[in-house]
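Worksheet: one structure, shown below.
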Amino acid sequence: MDEEILVAAQLSSLYVPTQAHHVQVPTAKATDFPVSADPNFPAEHAVYSTVLQSTQTGTFLLRVLHEGLILELISLSMDILPIRFVLQSPVQSAPGLFLWEDQELHIIALTLAGSLHRLIIPLRETQDLWKNELSNISTREYLVKAYPDGVKGVVYVHGTHCVAVGLANGALLRFDTEYSGATGSTEMWTETMFHPGSFLSSFTSFLSAAPSEGAEIVALASHPWPTDVGSVWSLSRDRVLRFWKPKVGCVASKLLSLSPGREATPSPSSSSNGVTPQVLLYPGPQSLLRVFTNSGDDDRIYILVFIPTPSLAASGGNFHLIAAMGDHLQEIGHLPTSRRTAYCHLQDFMKTLLFDDSSVVAPMWTTVAYPPQIELTPAYLEEVLLSSGSLANKFFEVIMRPGMFSPLTLRLAVESYTTACLSSPGPHPPQLSDAYATIGEHIAAIVGCTTVLHRDAHTGALMHTQYWNALKRDWEGFIARCREIERSSRGPLALGKHDKSIIVIERERVAAIVTEDLPIHLYTALTLDHALPSPPYGLFGLLWAVRSRLSPPVLFNLENCLVDILHQDLAFALADIIHDLATRSNFRDNLDAEAMQDITQRLSELSDLPNVMKTALDVIGGLEVVKAEREEETLATISAPRSEWWRAITADYAIATANARYELGFGLRHLVVFLADDLKQWNPALLAEIFAVFRGVAVMRFVSGPRTTCTLLEPRTTGEPSSLVHRLVHFYAHNKHDVCVAAHEFWDSAGWLQGISPSFAAKLEVSFCEKLRQLGYFQAARDILSWLPRTPAVNYVLARLYINIGRADDATFLFEKLAGSLGPDQQLSGDDRMALAAVLTDVDLTDDPFFFYLHAAALFRTKTLTYQETVFTELAISIAPAEYDPTALWATVIKGYTDLGLYDDAYTAWTVCPSEKQKRESASHLVYQMCEGNAAQTLMTYNFSGFADEVEDCLAFKVRNADPRARPNYSRILYGWYTNRGDHKNAALTMYQRARKLRHLISSTSEVSLVKETCEAYLIALNSLSLADPKTAWMILPGSVDSEHEPRKRQKLRKIPEDRYTPGRFENEVIHIEDIQYEYALLTAQVDIHLRHQSAEFPLPPSSIVLRLTELNCFDRALSTARSLKVDMTDTFTRLTVQCLHLSREPDFVLQEDNWDWLLTDKASSWSGTMADKAWRYLRQSLAFHDGSETDYRYSRTVLETIMQHQKAPPPPWLISALEVHHHEFLIRINLRYGNFGQAIEHTLSMIHKEEARLARDPPKTAGSTWLPYATIDQVLIAAAEQDVVHPQLAQLRTEISARMKRVEKLSNFAR
């Protein structure tokens, strides 16, 4: 079988235009040529293409895009991004591409503006091509002198040194140069103009105002470069072939006839006798000439000319073989084309002729076409709607099928559809203006977005039928747009060679002619209604006949039923299952009597049906090309890496053969259902093989379906959509030169055609699913696994897949189930063992499940599935060998349960862990996680027997180093730990350290919550220390830098001389309850004064606090603060006394000021009397509480002194009475100071009387006991005597003093 087919790759699916390297081509000529863009011809569709093949660098493709403004250079042999040269003026018809000395690629192009450009691309490395040479690309320009405003005509580039332009008047403009690799931006070309014929004819043509249309040159050719042949041949519209020599011009011409056997019709210019003018060729550049030489015959040059006959039904034209000998042209023979070319247009051709000097050997014409492809006709779209699912999803899947439409087609269709929607009146849906990540998302979002579900105006019911019809029309319209654009993209442009294959260059695709395998050949023949050889392949004709007699709904339902059977475990014999299917579906009832008779008759003609069925299975599942290659042992020979284009056409071929095999196998299943009543007599192995092959080709067709999203690999750098086969070929390809061999190798490596029963999962099948999972095609792998029975290998791959998609519980179940199949006593069949060993490479199947549990735990660990990892680690510990150290496993279990918040399980595992070292290492992690997990209450219930010090150390570390404001509150946790264990001193120390830390964080801008936390910490520390033994109610605070700056120095332990301190170490502090109380009182006072007086600095010293409170008349707070902080209250009592005096002098003074809140309390308000009385009573009670023997009544003295400073009235009696008891002398002195001599005399008398009474009660025992301040008394006497008015009691005072002195003298004598 030597039939061939075309397989193509869409260039837009290999790369996107924005990824290409763009090079701006400068020009010295200002041009502004308007480009008339055809709205029906996309700019990204090529208008011209040429191919260059080299054994060193591979195959290059040069395309002309955007109406000639962009030249795109693509490598079809290497994976490298293309280059796009952007010109300022459109190029003429045919730019040239050449390889110069295997080091440079030259592109020579002539623009309409009259610029001849040479673009030079260095090729330093064969594998990388221009990848690392983009910065070295250079351009050169030459301005045409003969036509400064631009030249138009047929351009032929004959190598790197010569360019020929055929003009409309038949003349030839030739450019010649010598390229030596010199640098520069310009180069010189020699322009030569040649005219056809002799000098006289040239002169006549010059005198003619309007040259003949037939003289226009439509084709140019020369010997392929490199060559030393410099001649050029041209063909004009009047079918005249001309021979142009360099520096000479036209040396010969020959008129060619339209068809063989007819004389050439003279041209209109050569006859004026009424002869009917000939039919001219179409205008414009055409590929009608080929020039070549035969090996061993260097004197003759042959020209193969094609003359089209578009109006004849016999053929599309004729080939003329012309020999050029010297300056003469001699026609050797004619060659008509096939009848199938009638009314067709020749786009390009390549020479493969056999001939001698007298005749041409007629070839056997064959047709090379693409494999049968689905056309999205309305009838087919109706069949698509038979399946379940939404209309939009089904149409979307059809559009996205591999090879159906190129990404460029879809993108252009989306743009056209969006423009049409936006041009309609009214508001537009937001989907039309949104941005989308992929073209698929864009299509799914916008198509049908303008369709709205309306309600009936009369009944109010939703008009679902009208809505679905409108939505269907919208999708069909979009598909029609895609088909129109795709039809334009598949227009052929040129032929070329790649390796040993012929390639076909289309506007947006590059196809290769490859060998057709048997399934594709048979399927193509069946679709074209061609007869098949009856003995080997006649069964397929019968199968196709059965299929053609069934309606699409019946075929669809039957296919679904067979698929459902293979998705289930086969609990019954296949013969019984098929018989039940045939009975339930009434399969035979869907065939009429004529069809039944015809099928029965054709079946009777098959002598040995089982053998015929086996032959059919061999055709469907056979990969004979691969087998032949294996027999020759050529698989070890690997060629150079292939390109993305090669992988794409390999994938296209693989998809084509998969579809053909599926269609052939589908017909075979129809026959099996038709013969359901006879299946019990069949060999069960044959029936099983039929369904195994069906399963294989069904999976192959699924893999060949629409692109499946990859969730693991990086985003592709090429365009989209791309089939799954295309992506897998990259990993499965063996780098063959033959596309057919590579495609068959791909399916052979997948293993889907090697099954013998649907009850088994072969090694290659499972490995293929595992490969899909590894590449990230999770949904595809899951769908394919659903076709396979649940063998251990399938369960393993499915479990790995569940891990990838986040179904950890299902994976756990499958792993636990699989563990029972492992071990020395495993009960696995040979096939299951091989399949499982292929995917479970990290575990020996003969080992204990212990290692499998470790493997499963490691798999879960990679996906951070902690619970499952912990469970399988525990299972591994439960069966660990005696020689295995499970310490690391216990660490995993403890850490796993801890991280999951299962603290009881974690503590249980910690308790039973046999390693003391591991327990100590894990304790801190467990404690920290419980604290951070808000499980401190649970932590208090654990005793950590033997490791309590480890818990205390780790918590104390956090207390010392963690931010006291952060959560969790480690200070509270450690306090609770100590309190639960009765260690109140350490509990108090913990909270005191927290209070100290928080205190240093408090500032004038701190939040109230921080102050509250600090105060709370002080109070808790006080309470805890109060619970300790009073004999040891003190704490030792480790010294720090902060302790050197404390506002109040405390007792420090000095047991080591200061000069022996280690640098950075400080003295320890002894903390008592009083110290904590003092700090608490100071803090509350500082905060209180700051809240009362926002302008006050923070923190204030104790004395300033009391002073500020006194200034604010907050006497209660000032007095209590001063008492707590042991600050002098003199200023406070002084100000309080002044306030009382003000009230006494001005009773209404309190109504004029706002600072008398201290008299408006509930206690003061309950007192009787005036405000002045209440004030004096407040003062009296304050003195009684804060002034006493411990203060030596200095505040009472201060009050008296303040009163005497501000008024002459006598002080309150209660104040005098209090001072008479304790400070009589002070009363005397203060009155002397302020001139109250009468009061001084009275107080002196009172003091003498009091002392006399004491002496009468208690006789003196020492001399000091009779002491009186006689100096003060003398001052009273002197001061009173100096007054102008003698005080009445002065004499009495003197008398009392004399009597006192006498009594004292007697006592002294008595004592002697």
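Every chain in the structure tokens has a letter given in the order shown (A, B, ...), and although residue numbers restart at 1 in each chain, ligands are simply numbered from 1 in the order shown.
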
Nearby residues (only C-alpha atoms) at most 8 Å from Leu1082 of chain A, same-chain spacing under 3 positions excluded, as a list in words: Tyr1078, Glu1079, Ala1085, Gln1086, Pro1102, Thr1121 and Leu1125 of chain A

Residue contacts of Glu1242 of chain A (9 Å, only C-alpha atoms) excluding same-chain residues fewer than 6 positions away, as a PyMOL selection string: chain A and resi 1228+1289+1293

Counting only C-alpha atoms, the option among A:Val672, A:Asp102, A:Leu73, A:Phe731 closest to Gln774 of chain A: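 Smallest distance to Gln774 of chain A is found for A:Phe731.
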
Residues of segment 480-618 of chain A in alpha helix (DSSP H), written as a count of residues only: 84

Polymer residues at most 12 Å from Phe41 of chain A, only C-alpha atoms, same-chain spacing of 2 or more positions, as a PyMOL selection string: chain A and resi 36-39+43-47+65-67+409+412+484-491+507-508

Selection to disk with C-alpha atoms, as a PDB file, in the first residue's frame:
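Below is the file selection_7.pdb, written as the result:
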```pdb
ATOM      1  CA  SER A  36      -5.543  48.183   0.598  1.00  0.00           C
ATOM      2  CA  ALA A  37      -6.451  45.652   3.251  1.00  0.00           C
ATOM      3  CA  ASP A  38      -9.069  43.135   2.193  1.00  0.00           C
ATOM      4  CA  PRO A  39     -11.533  42.681   5.075  1.00  0.00           C
ATOM      5  CA  ALA A  43      -3.565  40.037   7.600  1.00  0.00           C
ATOM      6  CA  GLU A  44      -1.973  37.047   9.352  1.00  0.00           C
ATOM      7  CA  HIS A  45      -2.708  34.828   6.343  1.00  0.00           C
ATOM      8  CA  ALA A  46       0.315  34.579   4.095  1.00  0.00           C
ATOM      9  CA  VAL A  47       0.148  35.844   0.518  1.00  0.00           C
ATOM     10  CA  LEU A  65       2.214  38.650   5.777  1.00  0.00           C
ATOM     11  CA  HIS A  66       0.186  41.810   6.280  1.00  0.00           C
ATOM     12  CA  GLU A  67      -0.180  42.579   2.581  1.00  0.00           C
ATOM     13  CA  THR A 409      -9.227  31.539  13.066  1.00  0.00           C
ATOM     14  CA  LEU A 412     -10.461  36.501  14.127  1.00  0.00           C
ATOM     15  CA  GLU A 484     -15.247  30.921   6.427  1.00  0.00           C
ATOM     16  CA  ILE A 485     -11.982  32.137   7.944  1.00  0.00           C
ATOM     17  CA  GLU A 486     -10.589  28.606   8.168  1.00  0.00           C
ATOM     18  CA  ARG A 487     -11.418  28.018   4.499  1.00  0.00           C
ATOM     19  CA  SER A 488      -9.334  31.062   3.633  1.00  0.00           C
ATOM     20  CA  SER A 489      -6.455  29.906   5.836  1.00  0.00           C
ATOM     21  CA  ARG A 490      -6.216  26.560   4.030  1.00  0.00           C
ATOM     22  CA  GLY A 491      -5.504  28.033   0.623  1.00  0.00           C
ATOM     23  CA  ARG A 507      -1.709  30.412   4.129  1.00  0.00           C
ATOM     24  CA  GLU A 508      -1.824  29.438   7.789  1.00  0.00           C
TER      25      GLU A 508
END
```

Two-atom distance - atom CA of Ala962 of chain A, atom CA of Thr1084 of chain A (Å):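 Atom CA of Thr1084 of chain A lies 24.9 Å from atom CA of Ala962 of chain A.
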
Residues of segment 978-1002 of chain A within 6 Å of segment 1025-1031 of chain A: nearest atom pair and distance (Å, one decimal) for each, counting only C-alpha atoms, sorted by chain and number, as a tab-separated table?
```
residue	atom	partner	partner_atom	distance
A:His984	CA	A:Ala1028	CA	5.7
A:Lys985	CA	A:Leu1025	CA	5.7
A:Ala988	CA	A:Leu1025	CA	5.5
```

Output for the residues just chosen: all heavy atoms as a short mmCIF file (atom, residue, chain, number, x, y, z; two decimals), in the first residue's frame:
```cif
data_model
loop_
_atom_site.label_atom_id
_atom_site.label_comp_id
_atom_site.auth_asym_id
_atom_site.auth_seq_id
_atom_site.Cartn_x
_atom_site.Cartn_y
_atom_site.Cartn_z
N HIS A 984 3.65 29.57 93.85
CA HIS A 984 3.13 30.93 93.76
C HIS A 984 4.23 31.96 93.59
O HIS A 984 4.02 33.02 93.00
CB HIS A 984 2.31 31.25 95.02
CG HIS A 984 1.13 30.34 95.19
ND1 HIS A 984 0.07 30.31 94.32
CD2 HIS A 984 0.86 29.39 96.14
CE1 HIS A 984 -0.81 29.43 94.71
NE2 HIS A 984 -0.37 28.84 95.82
N LYS A 985 5.41 31.68 94.10
CA LYS A 985 6.49 32.65 93.94
C LYS A 985 6.89 32.80 92.47
O LYS A 985 7.03 33.91 91.96
CB LYS A 985 7.70 32.23 94.78
CG LYS A 985 7.50 32.40 96.29
CD LYS A 985 8.75 32.05 97.05
CE LYS A 985 9.91 32.95 96.68
NZ LYS A 985 11.11 32.69 97.52
N ALA A 988 4.14 34.57 90.70
CA ALA A 988 4.20 36.01 90.91
C ALA A 988 5.34 36.63 90.14
O ALA A 988 5.20 37.72 89.55
CB ALA A 988 4.35 36.29 92.41
#
```
